[in-house]
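Quick look at coords_13.pdb (PDB, C-alpha atoms):
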```pdb
ATOM      1  CA  MET A 160       3.013 -42.614  59.501
ATOM      2  CA  THR A 161       4.864 -44.324  56.655
ATOM      3  CA  ARG A 162       6.291 -47.762  57.421
ATOM      4  CA  ILE A 163       8.629 -49.455  54.964
ATOM      5  CA  HIS A 164       9.368 -53.127  55.585
ATOM      6  CA  PHE A 165      12.822 -54.310  54.548
ATOM      7  CA  THR A 166      14.277 -57.711  53.872
ATOM      8  CA  ALA A 167      18.012 -58.327  54.196
ATOM      9  CA  ALA A 168      18.265 -58.000  50.425
ATOM     10  CA  ASP A 169      16.517 -54.630  50.490
ATOM     11  CA  PHE A 170      19.132 -53.115  52.800
ATOM     12  CA  THR A 171      21.736 -53.904  50.147
ATOM     13  CA  GLN A 172      19.629 -52.084  47.555
ATOM     14  CA  VAL A 173      19.090 -48.733  49.264
ATOM     15  CA  ARG A 174      20.333 -46.141  46.803
ATOM     16  CA  PHE A 175      20.790 -42.390  47.088
ATOM     17  CA  ALA A 176      20.135 -40.768  43.722
ATOM     18  CA  PRO A 177      23.556 -39.534  42.541
ATOM     19  CA  ARG A 178      22.032 -36.671  40.534
ATOM     20  CA  PRO A 179      18.836 -34.621  40.873
ATOM     21  CA  ALA A 180      15.756 -35.599  38.870
ATOM     22  CA  PRO A 181      14.436 -32.630  36.836
ATOM     23  CA  MET A 182      10.844 -33.845  36.609
ATOM     24  CA  GLN A 183      10.603 -34.671  40.315
ATOM     25  CA  GLU A 184      12.125 -31.314  41.292
ATOM     26  CA  LEU A 185       9.503 -29.672  39.080
ATOM     27  CA  ASN A 186       6.769 -31.682  40.815
ATOM     28  CA  ALA A 187       8.057 -30.511  44.194
ATOM     29  CA  ALA A 188       8.144 -26.890  43.071
ATOM     30  CA  LEU A 189       4.575 -27.084  41.756
ATOM     31  CA  MET A 190       3.392 -28.694  45.012
ATOM     32  CA  THR A 191       4.962 -25.834  46.966
ATOM     33  CA  MET A 192       3.329 -23.340  44.628
ATOM     34  CA  CYS A 193      -0.104 -24.887  45.250
ATOM     35  CA  ARG A 194       0.049 -25.470  49.005
ATOM     36  CA  PRO A 195      -2.104 -22.963  50.926
ATOM     37  CA  ASP A 196       0.032 -22.533  54.051
ATOM     38  CA  GLN A 197       3.157 -20.553  54.980
ATOM     39  CA  GLU A 198       2.210 -17.395  53.103
ATOM     40  CA  LEU A 199       4.948 -15.418  54.858
ATOM     41  CA  LEU A 200       7.644 -17.795  53.635
ATOM     42  CA  PHE A 201       6.347 -18.734  50.199
ATOM     43  CA  GLY A 202       3.800 -16.085  49.217
ATOM     44  CA  ARG A 203       6.050 -13.774  47.234
ATOM     45  CA  TRP A 204       7.688 -16.688  45.422
ATOM     46  CA  ARG A 205       4.317 -18.259  44.578
ATOM     47  CA  ARG A 206       2.946 -15.056  43.114
ATOM     48  CA  ARG A 207       6.075 -14.531  41.024
ATOM     49  CA  VAL A 208       5.902 -18.080  39.657
ATOM     50  CA  LEU A 209       2.180 -17.859  38.895
ATOM     51  CA  ARG A 210       2.686 -14.592  37.012
ATOM     52  CA  SER A 211       5.543 -16.009  34.971
ATOM     53  CA  LEU A 212       4.033 -19.388  33.977
ATOM     54  CA  PRO A 213       3.088 -19.411  30.268
ATOM     55  CA  VAL A 214      -0.325 -20.492  29.029
ATOM     56  CA  THR A 215       1.184 -23.707  27.666
ATOM     57  CA  ALA A 216       1.842 -24.854  31.268
ATOM     58  CA  GLU A 217      -1.795 -24.528  32.370
ATOM     59  CA  PRO A 218      -2.796 -28.154  31.573
ATOM     60  CA  LEU A 219      -0.664 -29.276  34.533
ATOM     61  CA  GLY A 220      -3.316 -27.789  36.806
ATOM     62  CA  ASP A 221      -5.909 -30.125  35.279
ATOM     63  CA  LEU A 222      -3.874 -33.105  36.494
ATOM     64  CA  VAL A 223      -4.278 -32.211  40.176
ATOM     65  CA  PRO A 224      -8.014 -31.569  40.663
ATOM     66  CA  ALA A 225      -7.860 -32.481  44.361
ATOM     67  CA  ALA A 226      -4.238 -31.445  45.077
ATOM     68  CA  GLU A 227      -3.051 -35.001  44.389
ATOM     69  CA  ALA A 228      -1.090 -35.750  41.239
ATOM     70  CA  PRO A 229      -1.261 -39.006  39.253
ATOM     71  CA  LEU A 230       1.586 -41.395  39.914
ATOM     72  CA  PHE A 231       2.747 -41.557  36.306
ATOM     73  CA  LEU A 232       4.188 -38.040  36.803
ATOM     74  CA  ASP A 233       6.659 -39.390  39.394
ATOM     75  CA  VAL A 234       9.749 -39.734  37.233
ATOM     76  CA  PHE A 235      13.311 -40.030  38.540
ATOM     77  CA  SER A 236      15.380 -39.793  35.344
ATOM     78  CA  ASP A 237      18.381 -37.478  35.708
ATOM     79  CA  THR A 238      17.847 -35.457  32.501
ATOM     80  CA  LEU A 239      14.800 -33.503  31.367
ATOM     81  CA  GLU A 240      14.488 -35.202  27.992
ATOM     82  CA  LYS A 241      14.783 -38.664  29.488
ATOM     83  CA  GLY A 242      12.209 -37.707  32.106
ATOM     84  CA  LEU A 243       9.744 -36.480  29.488
ATOM     85  CA  GLU A 244      10.247 -39.692  27.522
ATOM     86  CA  THR A 245       9.675 -41.775  30.658
ATOM     87  CA  VAL A 246       6.362 -40.027  31.300
ATOM     88  CA  ARG A 247       5.321 -40.684  27.692
ATOM     89  CA  ALA A 248       6.274 -44.358  28.037
ATOM     90  CA  SER A 249       3.949 -44.867  31.028
ATOM     91  CA  ARG A 250       1.835 -47.981  30.768
ATOM     92  CA  PRO A 251      -1.636 -47.096  29.358
ATOM     93  CA  GLU A 252      -3.410 -48.933  32.176
ATOM     94  CA  LEU A 253      -1.472 -46.918  34.780
ATOM     95  CA  VAL A 254      -2.314 -43.636  33.040
ATOM     96  CA  ARG A 255      -6.018 -44.525  32.863
ATOM     97  CA  SER A 256      -6.269 -45.739  36.458
ATOM     98  CA  GLU A 257      -4.400 -42.733  37.847
ATOM     99  CA  ILE A 258      -6.515 -40.189  35.940
ATOM    100  CA  GLU A 259      -9.619 -41.959  37.222
ATOM    101  CA  ARG A 260      -8.218 -41.990  40.771
ATOM    102  CA  VAL A 261      -7.386 -38.281  40.982
ATOM    103  CA  TYR A 262     -10.760 -37.299  39.491
ATOM    104  CA  ALA A 263     -12.793 -39.695  41.645
ATOM    105  CA  ARG A 264     -13.260 -37.033  44.344
ATOM    106  CA  SER A 265     -13.503 -34.052  42.004
ATOM    107  CA  ALA A 266     -16.856 -32.393  41.314
ATOM    108  CA  ALA A 267     -15.546 -30.914  38.070
ATOM    109  CA  PRO A 268     -15.374 -33.091  34.943
ATOM    110  CA  ALA A 269     -12.013 -33.770  33.338
ATOM    111  CA  PRO A 270     -11.238 -31.378  30.450
ATOM    112  CA  LEU A 271     -11.299 -32.670  26.909
ATOM    113  CA  TRP A 272      -7.526 -32.946  26.480
ATOM    114  CA  LEU A 273      -7.286 -35.080  29.628
ATOM    115  CA  ARG A 274     -10.114 -37.352  28.468
ATOM    116  CA  ASN A 275      -8.135 -37.750  25.259
ATOM    117  CA  LEU A 276      -5.014 -38.581  27.271
ATOM    118  CA  HIS A 277      -7.077 -41.224  29.055
ATOM    119  CA  ARG A 278      -7.726 -42.725  25.608
ATOM    120  CA  GLY A 279      -4.017 -42.570  24.697
ATOM    121  CA  ASP A 280      -4.388 -39.822  22.092
ATOM    122  CA  ALA A 281      -0.992 -38.719  20.698
ATOM    123  CA  ASP A 282      -1.988 -35.023  20.517
ATOM    124  CA  ALA A 283      -2.962 -35.086  24.195
ATOM    125  CA  TRP A 284       0.466 -36.458  25.067
ATOM    126  CA  GLN A 285       1.995 -33.528  23.189
ATOM    127  CA  VAL A 286      -0.116 -31.113  25.263
ATOM    128  CA  LEU A 287       1.285 -32.674  28.439
ATOM    129  CA  ARG A 288       4.875 -32.667  27.167
ATOM    130  CA  ARG A 289       4.691 -28.976  26.195
ATOM    131  CA  ALA A 290       3.167 -28.125  29.577
ATOM    132  CA  GLN A 291       5.908 -29.926  31.534
ATOM    133  CA  HIS A 292       8.667 -28.456  29.382
ATOM    134  CA  ALA A 293       7.302 -24.910  29.723
ATOM    135  CA  ALA A 294       6.874 -25.242  33.493
ATOM    136  CA  PHE A 295      10.403 -26.595  33.929
ATOM    137  CA  ASP A 296      11.894 -23.792  31.823
ATOM    138  CA  THR A 297      10.063 -21.181  33.901
ATOM    139  CA  VAL A 298      10.315 -22.546  37.438
ATOM    140  CA  VAL A 299      13.324 -24.857  37.689
ATOM    141  CA  ARG A 300      15.756 -24.211  34.847
ATOM    142  CA  PRO A 301      16.850 -20.750  36.134
ATOM    143  CA  VAL A 302      18.075 -22.391  39.366
ATOM    144  CA  TRP A 303      19.073 -25.811  38.038
ATOM    145  CA  GLY A 304      22.781 -25.186  38.569
ATOM    146  CA  LEU A 305      22.127 -24.447  42.233
ATOM    147  CA  VAL A 306      19.922 -27.536  42.571
ATOM    148  CA  GLN A 307      22.793 -29.617  41.194
ATOM    149  CA  ASP A 308      25.268 -28.105  43.659
ATOM    150  CA  LEU A 309      22.932 -28.652  46.618
ATOM    151  CA  HIS A 310      22.210 -32.207  45.518
ATOM    152  CA  HIS A 311      25.933 -32.934  45.304
ATOM    153  CA  ALA A 312      26.377 -31.642  48.850
ATOM    154  CA  GLU A 313      23.446 -33.720  50.116
ATOM    155  CA  PHE A 314      24.732 -36.833  48.363
ATOM    156  CA  THR A 315      28.185 -36.294  49.874
ATOM    157  CA  ARG A 316      26.720 -35.905  53.358
ATOM    158  CA  HIS A 317      24.888 -39.229  53.174
ATOM    159  CA  ALA A 318      27.844 -40.990  51.581
ATOM    160  CA  VAL A 319      29.952 -39.972  54.576
ATOM    161  CA  THR A 320      27.236 -41.137  57.011
ATOM    162  CA  VAL A 321      26.941 -44.529  55.324
ATOM    163  CA  ALA A 322      30.721 -44.952  55.228
ATOM    164  CA  GLU A 323      31.162 -44.067  58.895
ATOM    165  CA  HIS A 324      27.987 -45.428  60.527
ATOM    166  CA  GLY A 325      26.172 -47.661  58.040
ATOM    167  CA  ILE A 326      22.953 -47.474  56.047
ATOM    168  CA  GLY A 327      20.812 -47.765  59.183
ATOM    169  CA  ALA A 328      22.184 -44.504  60.551
ATOM    170  CA  ALA A 329      21.587 -42.778  57.210
ATOM    171  CA  LEU A 330      17.946 -43.911  57.135
ATOM    172  CA  ALA A 331      17.356 -42.903  60.745
ATOM    173  CA  SER A 332      18.754 -39.416  60.141
ATOM    174  CA  LEU A 333      17.212 -38.782  56.725
ATOM    175  CA  VAL A 334      14.293 -36.684  58.008
ATOM    176  CA  PRO A 335      13.335 -35.466  61.511
ATOM    177  CA  GLY A 336      11.543 -38.150  63.489
ATOM    178  CA  ALA A 337      12.627 -41.045  61.280
ATOM    179  CA  ARG A 338      13.646 -44.260  62.989
ATOM    180  CA  LEU A 339      14.683 -47.763  62.049
ATOM    181  CA  CYS A 340      13.191 -50.486  64.242
ATOM    182  CA  ASP A 341      14.595 -53.865  63.289
ATOM    183  CA  ASP A 342      13.513 -54.234  59.653
ATOM    184  CA  VAL A 343      10.921 -51.420  59.589
ATOM    185  CA  TRP A 344      11.778 -47.824  58.654
ATOM    186  CA  GLU A 345       9.244 -45.293  59.956
ATOM    187  CA  PHE A 346       8.798 -41.580  59.303
ATOM    188  CA  GLU A 347       6.068 -38.950  59.128
ATOM    189  CA  GLY A 348       4.637 -39.338  55.651
ATOM    190  CA  PRO A 349       1.634 -40.707  53.796
ATOM    191  CA  ALA A 350      -0.092 -43.327  55.919
ATOM    192  CA  GLY A 351       0.613 -46.847  54.818
ATOM    193  CA  ASP A 352       2.810 -49.913  54.991
ATOM    194  CA  PHE A 353       5.075 -50.728  52.068
ATOM    195  CA  VAL A 354       6.633 -54.184  51.771
ATOM    196  CA  LEU A 355       9.654 -54.148  49.499
ATOM    197  CA  HIS A 356      10.097 -57.853  48.727
ATOM    198  CA  GLY A 357      13.663 -57.315  47.510
ATOM    199  CA  ARG A 358      13.139 -54.330  45.173
ATOM    200  CA  GLY A 359      14.983 -51.811  47.338
ATOM    201  CA  VAL A 360      14.546 -48.058  47.857
ATOM    202  CA  LEU A 361      15.597 -44.970  45.928
ATOM    203  CA  LEU A 362      16.142 -41.852  48.067
ATOM    204  CA  LEU A 363      15.895 -38.494  46.306
ATOM    205  CA  PRO A 364      16.285 -35.086  47.991
ATOM    206  CA  THR A 365      14.272 -32.105  46.777
ATOM    207  CA  PHE A 366      15.027 -28.450  47.447
ATOM    208  CA  HIS A 367      11.632 -26.920  46.617
ATOM    209  CA  TRP A 368       9.584 -28.719  49.266
ATOM    210  CA  THR A 369       9.341 -28.515  53.065
ATOM    211  CA  GLY A 370       6.462 -30.921  53.695
ATOM    212  CA  ARG A 371       6.515 -34.585  54.548
ATOM    213  CA  PRO A 372       8.382 -37.051  52.322
ATOM    214  CA  ALA A 373       6.483 -38.348  49.293
ATOM    215  CA  VAL A 374       6.448 -42.053  48.413
ATOM    216  CA  ALA A 375       6.090 -43.331  44.848
ATOM    217  CA  ASP A 376       5.167 -47.014  44.673
ATOM    218  CA  LEU A 377       5.351 -47.828  40.977
ATOM    219  CA  PRO A 378       5.084 -51.453  39.828
ATOM    220  CA  GLY A 379       8.388 -52.926  38.737
ATOM    221  CA  HIS A 380      10.477 -50.131  40.256
ATOM    222  CA  PRO A 381      12.231 -49.557  43.583
ATOM    223  CA  LEU A 382      10.108 -47.729  46.125
ATOM    224  CA  ALA A 383      11.034 -44.059  45.678
ATOM    225  CA  VAL A 384      11.114 -41.642  48.621
ATOM    226  CA  THR A 385      11.401 -37.947  47.778
ATOM    227  CA  TYR A 386      12.310 -36.013  50.906
ATOM    228  CA  PRO A 387      12.878 -32.318  51.722
ATOM    229  CA  ALA A 388      16.573 -31.532  52.090
ATOM    230  CA  GLY A 389      18.218 -28.665  53.932
ATOM    231  CA  PRO A 390      16.275 -25.533  54.901
ATOM    232  CA  GLY A 391      13.925 -26.108  51.977
ATOM    233  CA  LEU A 392      13.318 -22.521  50.932
ATOM    234  CA  PRO A 393      12.149 -21.983  47.356
ATOM    235  CA  LEU A 394      15.082 -21.194  45.136
ATOM    236  CA  ALA A 395      15.297 -17.945  43.223
ATOM    237  CA  PRO A 396      17.376 -17.073  40.140
ATOM    238  CA  ASP A 397      20.447 -14.952  40.776
ATOM    239  CA  GLY A 398      19.421 -11.955  38.711
ATOM    240  CA  ALA A 399      22.109  -9.752  40.186
ATOM    241  CA  GLY A 400      24.842 -12.096  38.997
ATOM    242  CA  ARG A 401      26.114 -12.767  42.526
ATOM    243  CA  THR A 402      26.448 -16.438  43.345
ATOM    244  CA  ASP A 403      26.118 -15.845  47.084
ATOM    245  CA  ASP A 404      22.659 -14.309  46.472
ATOM    246  CA  ALA A 405      21.520 -17.622  44.988
ATOM    247  CA  LEU A 406      22.699 -19.489  48.065
ATOM    248  CA  ALA A 407      21.063 -16.876  50.321
ATOM    249  CA  ALA A 408      17.775 -17.550  48.539
ATOM    250  CA  VAL A 409      17.981 -21.118  49.811
ATOM    251  CA  LEU A 410      19.464 -20.681  53.277
ATOM    252  CA  GLY A 411      18.281 -17.173  54.107
ATOM    253  CA  ARG A 412      20.679 -14.246  54.454
ATOM    254  CA  THR A 413      21.221 -14.718  58.205
ATOM    255  CA  ARG A 414      22.036 -18.416  57.873
ATOM    256  CA  LEU A 415      24.372 -17.689  54.999
ATOM    257  CA  ASP A 416      26.172 -15.083  57.159
ATOM    258  CA  ILE A 417      26.473 -17.670  59.930
ATOM    259  CA  LEU A 418      27.905 -20.186  57.489
ATOM    260  CA  PHE A 419      30.564 -17.717  56.375
ATOM    261  CA  ARG A 420      31.481 -16.766  59.947
ATOM    262  CA  LEU A 421      31.804 -20.383  61.036
ATOM    263  CA  ALA A 422      34.972 -20.905  59.041
ATOM    264  CA  GLU A 423      36.203 -20.142  62.569
ATOM    265  CA  GLU A 424      34.604 -21.479  65.746
ATOM    266  CA  HIS A 425      31.983 -19.281  67.441
ATOM    267  CA  THR A 426      29.709 -19.682  70.428
ATOM    268  CA  THR A 427      25.976 -19.123  70.134
ATOM    269  CA  SER A 428      26.217 -15.860  72.054
ATOM    270  CA  GLY A 429      29.185 -14.777  69.923
ATOM    271  CA  LEU A 430      27.183 -15.354  66.760
ATOM    272  CA  ALA A 431      24.238 -13.468  68.233
ATOM    273  CA  ARG A 432      26.398 -10.432  69.025
ATOM    274  CA  ARG A 433      28.005 -10.328  65.587
ATOM    275  CA  LEU A 434      24.687 -10.742  63.783
ATOM    276  CA  GLY A 435      22.721  -8.412  66.033
ATOM    277  CA  VAL A 436      20.099 -11.018  66.935
ATOM    278  CA  SER A 437      19.003 -12.715  70.155
ATOM    279  CA  ASN A 438      20.699 -15.852  71.465
ATOM    280  CA  ALA A 439      17.476 -17.798  70.796
ATOM    281  CA  THR A 440      17.409 -16.662  67.160
ATOM    282  CA  ALA A 441      21.070 -17.536  66.641
ATOM    283  CA  SER A 442      20.462 -20.935  68.238
ATOM    284  CA  ALA A 443      17.457 -21.609  65.979
ATOM    285  CA  HIS A 444      19.472 -20.787  62.846
ATOM    286  CA  ALA A 445      22.341 -22.969  64.055
ATOM    287  CA  THR A 446      19.923 -25.845  64.644
ATOM    288  CA  ALA A 447      18.666 -25.588  61.055
ATOM    289  CA  LEU A 448      22.187 -25.523  59.637
ATOM    290  CA  ARG A 449      23.211 -28.440  61.826
ATOM    291  CA  GLY A 450      20.180 -30.425  60.662
ATOM    292  CA  ALA A 451      21.324 -29.871  57.067
ATOM    293  CA  GLY A 452      24.800 -31.177  57.933
ATOM    294  CA  LEU A 453      26.428 -27.784  57.276
ATOM    295  CA  ILE A 454      27.767 -27.095  60.797
ATOM    296  CA  THR A 455      28.653 -29.032  63.932
ATOM    297  CA  SER A 456      27.878 -28.004  67.499
ATOM    298  CA  VAL A 457      29.583 -29.234  70.667
ATOM    299  CA  ARG A 458      29.018 -28.223  74.262
ATOM    300  CA  ALA A 459      31.960 -26.758  76.187
ATOM    301  CA  GLY A 460      30.880 -26.086  79.749
ATOM    302  CA  ARG A 461      27.903 -23.747  79.608
ATOM    303  CA  ALA A 462      28.669 -22.628  76.056
ATOM    304  CA  VAL A 463      27.934 -24.312  72.717
ATOM    305  CA  LEU A 464      30.639 -24.061  70.067
ATOM    306  CA  HIS A 465      29.713 -24.107  66.379
ATOM    307  CA  ARG A 466      31.931 -24.697  63.360
ATOM    308  CA  ARG A 467      31.383 -25.264  59.668
ATOM    309  CA  THR A 468      31.588 -28.869  58.449
ATOM    310  CA  PRO A 469      33.554 -29.900  55.346
ATOM    311  CA  LEU A 470      30.177 -30.129  53.607
ATOM    312  CA  GLY A 471      29.333 -26.557  54.630
ATOM    313  CA  SER A 472      32.700 -25.370  53.401
ATOM    314  CA  LEU A 473      32.252 -27.245  50.125
ATOM    315  CA  LEU A 474      28.867 -25.605  49.574
ATOM    316  CA  VAL A 475      30.187 -22.115  50.298
ATOM    317  CA  GLN A 476      33.265 -22.573  48.126
ATOM    318  CA  ARG A 477      31.321 -23.971  45.173
ATOM    319  CA  ARG A 478      28.892 -21.057  45.208
ATOM    320  CA  THR A 479      31.055 -18.142  46.289
ATOM    321  CA  GLY A 480      34.644 -19.022  45.415
ATOM    322  CA  THR A 481      37.194 -17.777  47.937
ATOM    323  CA  ARG A 482      35.183 -15.126  49.740
ATOM    324  CA  ALA A 483      36.826 -14.557  53.089
ATOM    325  CA  ALA A 484      35.035 -15.402  56.297
ATOM    326  CA  SER A 485      33.461 -12.378  57.947
ATOM    327  CA  GLY A 486      35.234 -11.486  61.160
TER
END
```
Turn the structure described in the file into structure tokens.
Amino acid sequence: MTRIHFTAADFTQVRFAPRPAPMQELNAALMTMCRPDQELLFGRWRRRVLRSLPVTAEPLGDLVPAAEAPLFLDVFSDTLEKGLETVRASRPELVRSEIERVYARSAAPAPLWLRNLHRGDADAWQVLRRAQHAAFDTVVRPVWGLVQDLHHAEFTRHAVTVAEHGIGAALASLVPGARLCDDVWEFEGPAGDFVLHGRGVLLLPTFHWTGRPAVADLPGHPLAVTYPAGPGLPLAPDGAGRTDDALAAVLGRTRLDILFRLAEEHTTSGLARRLGVSNATASAHATALRGAGLITSVRAGRAVLHRRTPLGSLLVQRRTGTRAASG
């Protein structure tokens, strides 16, 4: 359980990242690629990414000998070039201590280039920069436009929550199981207590990760929480040139169909009939869409009525133009 302790000043310094962070989205994608579970959901995507990664990206694997990356890779700049420069500007003592930390439990010795990075060698930094650039170009750049659209929708959703209900409600609803108890924010994440002492929190959604939120506690910076947003499916490039295919890669085809149909109100059983699925399946998809802020559900007697939210409509319109709702 992660516990973050706020002061009154910290609540005034909670910030939702207004734009996605290329380097952090890359980190999330690489974590998803390396996680061993959920083969049915991620297996095909992982194999495609592994086949397509160039040799120049391979040094990134040396940085995670025990599936834990060094903290100096956690960068929240909103452009790729700025992110790469921020990594390069990491304090030498942080780079050394983090390389030592991630290799402390590894039986394998660090490769030569990484030992050189530990010493601050300029050529080793170029190896890392080329690896990050190549990995981003292969994994994230083909879907970066979609990441930007989804981030905009997520940012809008939280802006509305803060405006209507306050920052406490936004924190409590950020991820399933989160809660705010007095001045302590708790959620399922890396075990530990983090005391802010007035430096605030940066909240950054990621769309390539479905695990627990990640916390970056870098000296001199706000505490950064990277959390999975929406359904969390790995994104895929829209090779067919159809923008709704790109959105389907994130939501799943059935959930995308539901989102289109809910331009008009439908019951759970009505959705199930139109989609040819069971009521339980339709309800599960609706729950996921509701959790992402894309639909609303209200009970009317024994039925539950679902309708697309303005955020859901915005997402559909931005990705598919004026496609009519399916009857």
* To do: Using all atoms listed in the file, determine which residues lie at most 9 Å from segment 270-276 of chain A, disregarding the query and same-chain residues fewer than 2 positions distant; provide the list as a list in words.
  =>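 Here the qualifying residues turn out to be Pro218, Asp221, Leu222, Val254, Arg255, Ile258, Ala267, Pro268, Arg278, Gly279, Asp280, Ala281, Asp282, Ala283, Trp284, Val286 and Leu287 of chain A.
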Any chance you can output those residues with C-alpha atoms as a CSV table (one decimal), keeping the file's coordinate frame?
```csv
chain,number,residue,atom,x,y,z
A,218,PRO,CA,-2.8,-28.2,31.6
A,221,ASP,CA,-5.9,-30.1,35.3
A,222,LEU,CA,-3.9,-33.1,36.5
A,254,VAL,CA,-2.3,-43.6,33.0
A,255,ARG,CA,-6.0,-44.5,32.9
A,258,ILE,CA,-6.5,-40.2,35.9
A,267,ALA,CA,-15.5,-30.9,38.1
A,268,PRO,CA,-15.4,-33.1,34.9
A,278,ARG,CA,-7.7,-42.7,25.6
A,279,GLY,CA,-4.0,-42.6,24.7
A,280,ASP,CA,-4.4,-39.8,22.1
A,281,ALA,CA,-1.0,-38.7,20.7
A,282,ASP,CA,-2.0,-35.0,20.5
A,283,ALA,CA,-3.0,-35.1,24.2
A,284,TRP,CA,0.5,-36.5,25.1
A,286,VAL,CA,-0.1,-31.1,25.3
A,287,LEU,CA,1.3,-32.7,28.4
```
* With a distance cut-off of 8 Å and all atoms listed in the file, select the neighbouring residues of Gly359 of chain A, excluding the residue or stretch itself and same-chain residues fewer than 6 positions from it, and output the selection as a list in words. => Phe165, Ala168, Asp169, Phe170, Thr171, Gln172, Val173, Arg174, Pro381 and Leu382 of chain A
Between segment 302-343 of chain A and segment 439-457 of chain A, at 10 Å or less, what are the per-residue closest atom pairs and their distances in Å? Count all atoms listed in the file, order by chain and rising residue number, and return it as a tab-separated table.
```
residue	atom	partner	partner_atom	distance
A:Ala312	CA	A:Gly452	CA	9.2
A:Glu313	CA	A:Ala451	CA	8.2
A:Arg316	CA	A:Gly452	CA	6.9
A:His317	CA	A:Gly452	CA	9.4
A:Ser332	CA	A:Gly450	CA	9.1
A:Leu333	CA	A:Gly450	CA	9.7
A:Val334	CA	A:Gly450	CA	9.0
A:Pro335	CA	A:Gly450	CA	8.5
```
* To do: Pick out the closest residue to Ala318 of chain A from this set: A:Pro177, A:Pro378, A:Glu347, A:Ala459. Count only C-alpha atoms.
  =>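 The answer is A:Pro177, which sits nearest to Ala318 of chain A.
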Selection result for the PyMOL selection byres ((chain A and resi 189) around 10) on this file, as a PDB file with C-alpha atoms, in the frame of the given file:
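Final output, selection_38.pdb:
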```
ATOM      1  CA  GLN A 183      10.603 -34.671  40.315  1.00  0.00           C
ATOM      2  CA  GLU A 184      12.125 -31.314  41.292  1.00  0.00           C
ATOM      3  CA  LEU A 185       9.503 -29.672  39.080  1.00  0.00           C
ATOM      4  CA  ASN A 186       6.769 -31.682  40.815  1.00  0.00           C
ATOM      5  CA  ALA A 187       8.057 -30.511  44.194  1.00  0.00           C
ATOM      6  CA  ALA A 188       8.144 -26.890  43.071  1.00  0.00           C
ATOM      7  CA  MET A 190       3.392 -28.694  45.012  1.00  0.00           C
ATOM      8  CA  THR A 191       4.962 -25.834  46.966  1.00  0.00           C
ATOM      9  CA  MET A 192       3.329 -23.340  44.628  1.00  0.00           C
ATOM     10  CA  CYS A 193      -0.104 -24.887  45.250  1.00  0.00           C
ATOM     11  CA  ARG A 194       0.049 -25.470  49.005  1.00  0.00           C
ATOM     12  CA  ARG A 205       4.317 -18.259  44.578  1.00  0.00           C
ATOM     13  CA  VAL A 208       5.902 -18.080  39.657  1.00  0.00           C
ATOM     14  CA  LEU A 209       2.180 -17.859  38.895  1.00  0.00           C
ATOM     15  CA  LEU A 219      -0.664 -29.276  34.533  1.00  0.00           C
ATOM     16  CA  GLY A 220      -3.316 -27.789  36.806  1.00  0.00           C
ATOM     17  CA  ALA A 294       6.874 -25.242  33.493  1.00  0.00           C
ATOM     18  CA  PHE A 295      10.403 -26.595  33.929  1.00  0.00           C
ATOM     19  CA  VAL A 298      10.315 -22.546  37.438  1.00  0.00           C
ATOM     20  CA  VAL A 299      13.324 -24.857  37.689  1.00  0.00           C
ATOM     21  CA  HIS A 367      11.632 -26.920  46.617  1.00  0.00           C
ATOM     22  CA  TRP A 368       9.584 -28.719  49.266  1.00  0.00           C
TER      23      TRP A 368
END
```
* Take the point (26.8, -17.5, 65.2) in the file's coordinates, draw a sphere of radius 9 Å around it, and report as a VMD selection string every protein, DNA or RNA residue with an atom inside or on it, counting all atoms listed in the file. => chain A and resid 414 416 to 418 420 to 421 424 to 434 438 441 to 442 444 to 445 465
* **Nearest to Val234 of chain A by atom-to-atom distance, counting all atoms listed in the file, from A:Val302, A:Leu363, A:Ala337, A:Ala350** =>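 When distances to Val234 of chain A are compared using all atoms listed in the file, the smallest one comes from A:Leu363.
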* Pick the closest to His380 of chain A from A:Glu244, A:Glu323, A:Asp233, A:Glu227: which is it, counting only C-alpha atoms? ->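 Residue with the minimum atom-to-atom distance to His380 of chain A: A:Asp233.
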* Asked: With only C-alpha atoms as the basis for distance, which of A:Glu198, A:Thr365, A:Val374, A:Val321 is at the shortest distance from Asp352 of chain A?
  -> A:Val374
* Spell out the residues picked by the PyMOL selection byres ((chain A and resi 345) around 12) here, as a VMD selection string. => chain A and resid 160 to 165 327 330 to 344 346 to 353 372
* Shell around segment 289-293 of chain A at 8 Å using only C-alpha atoms, local window under 5 positions removed, as a PyMOL selection string -> chain A and resi 212-213+215-219+243
* To do: Determine, counting all atoms listed in the file, every residue of protein, DNA or RNA that lies within 6 Å of (16.4, -34.2, 36.2) in the file coordinates, then give the result as a list in words.
  =>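 Nearby residues: Pro179, Ala180, Pro181, Met182, Ser236, Asp237, Thr238 and Leu239 of chain A.
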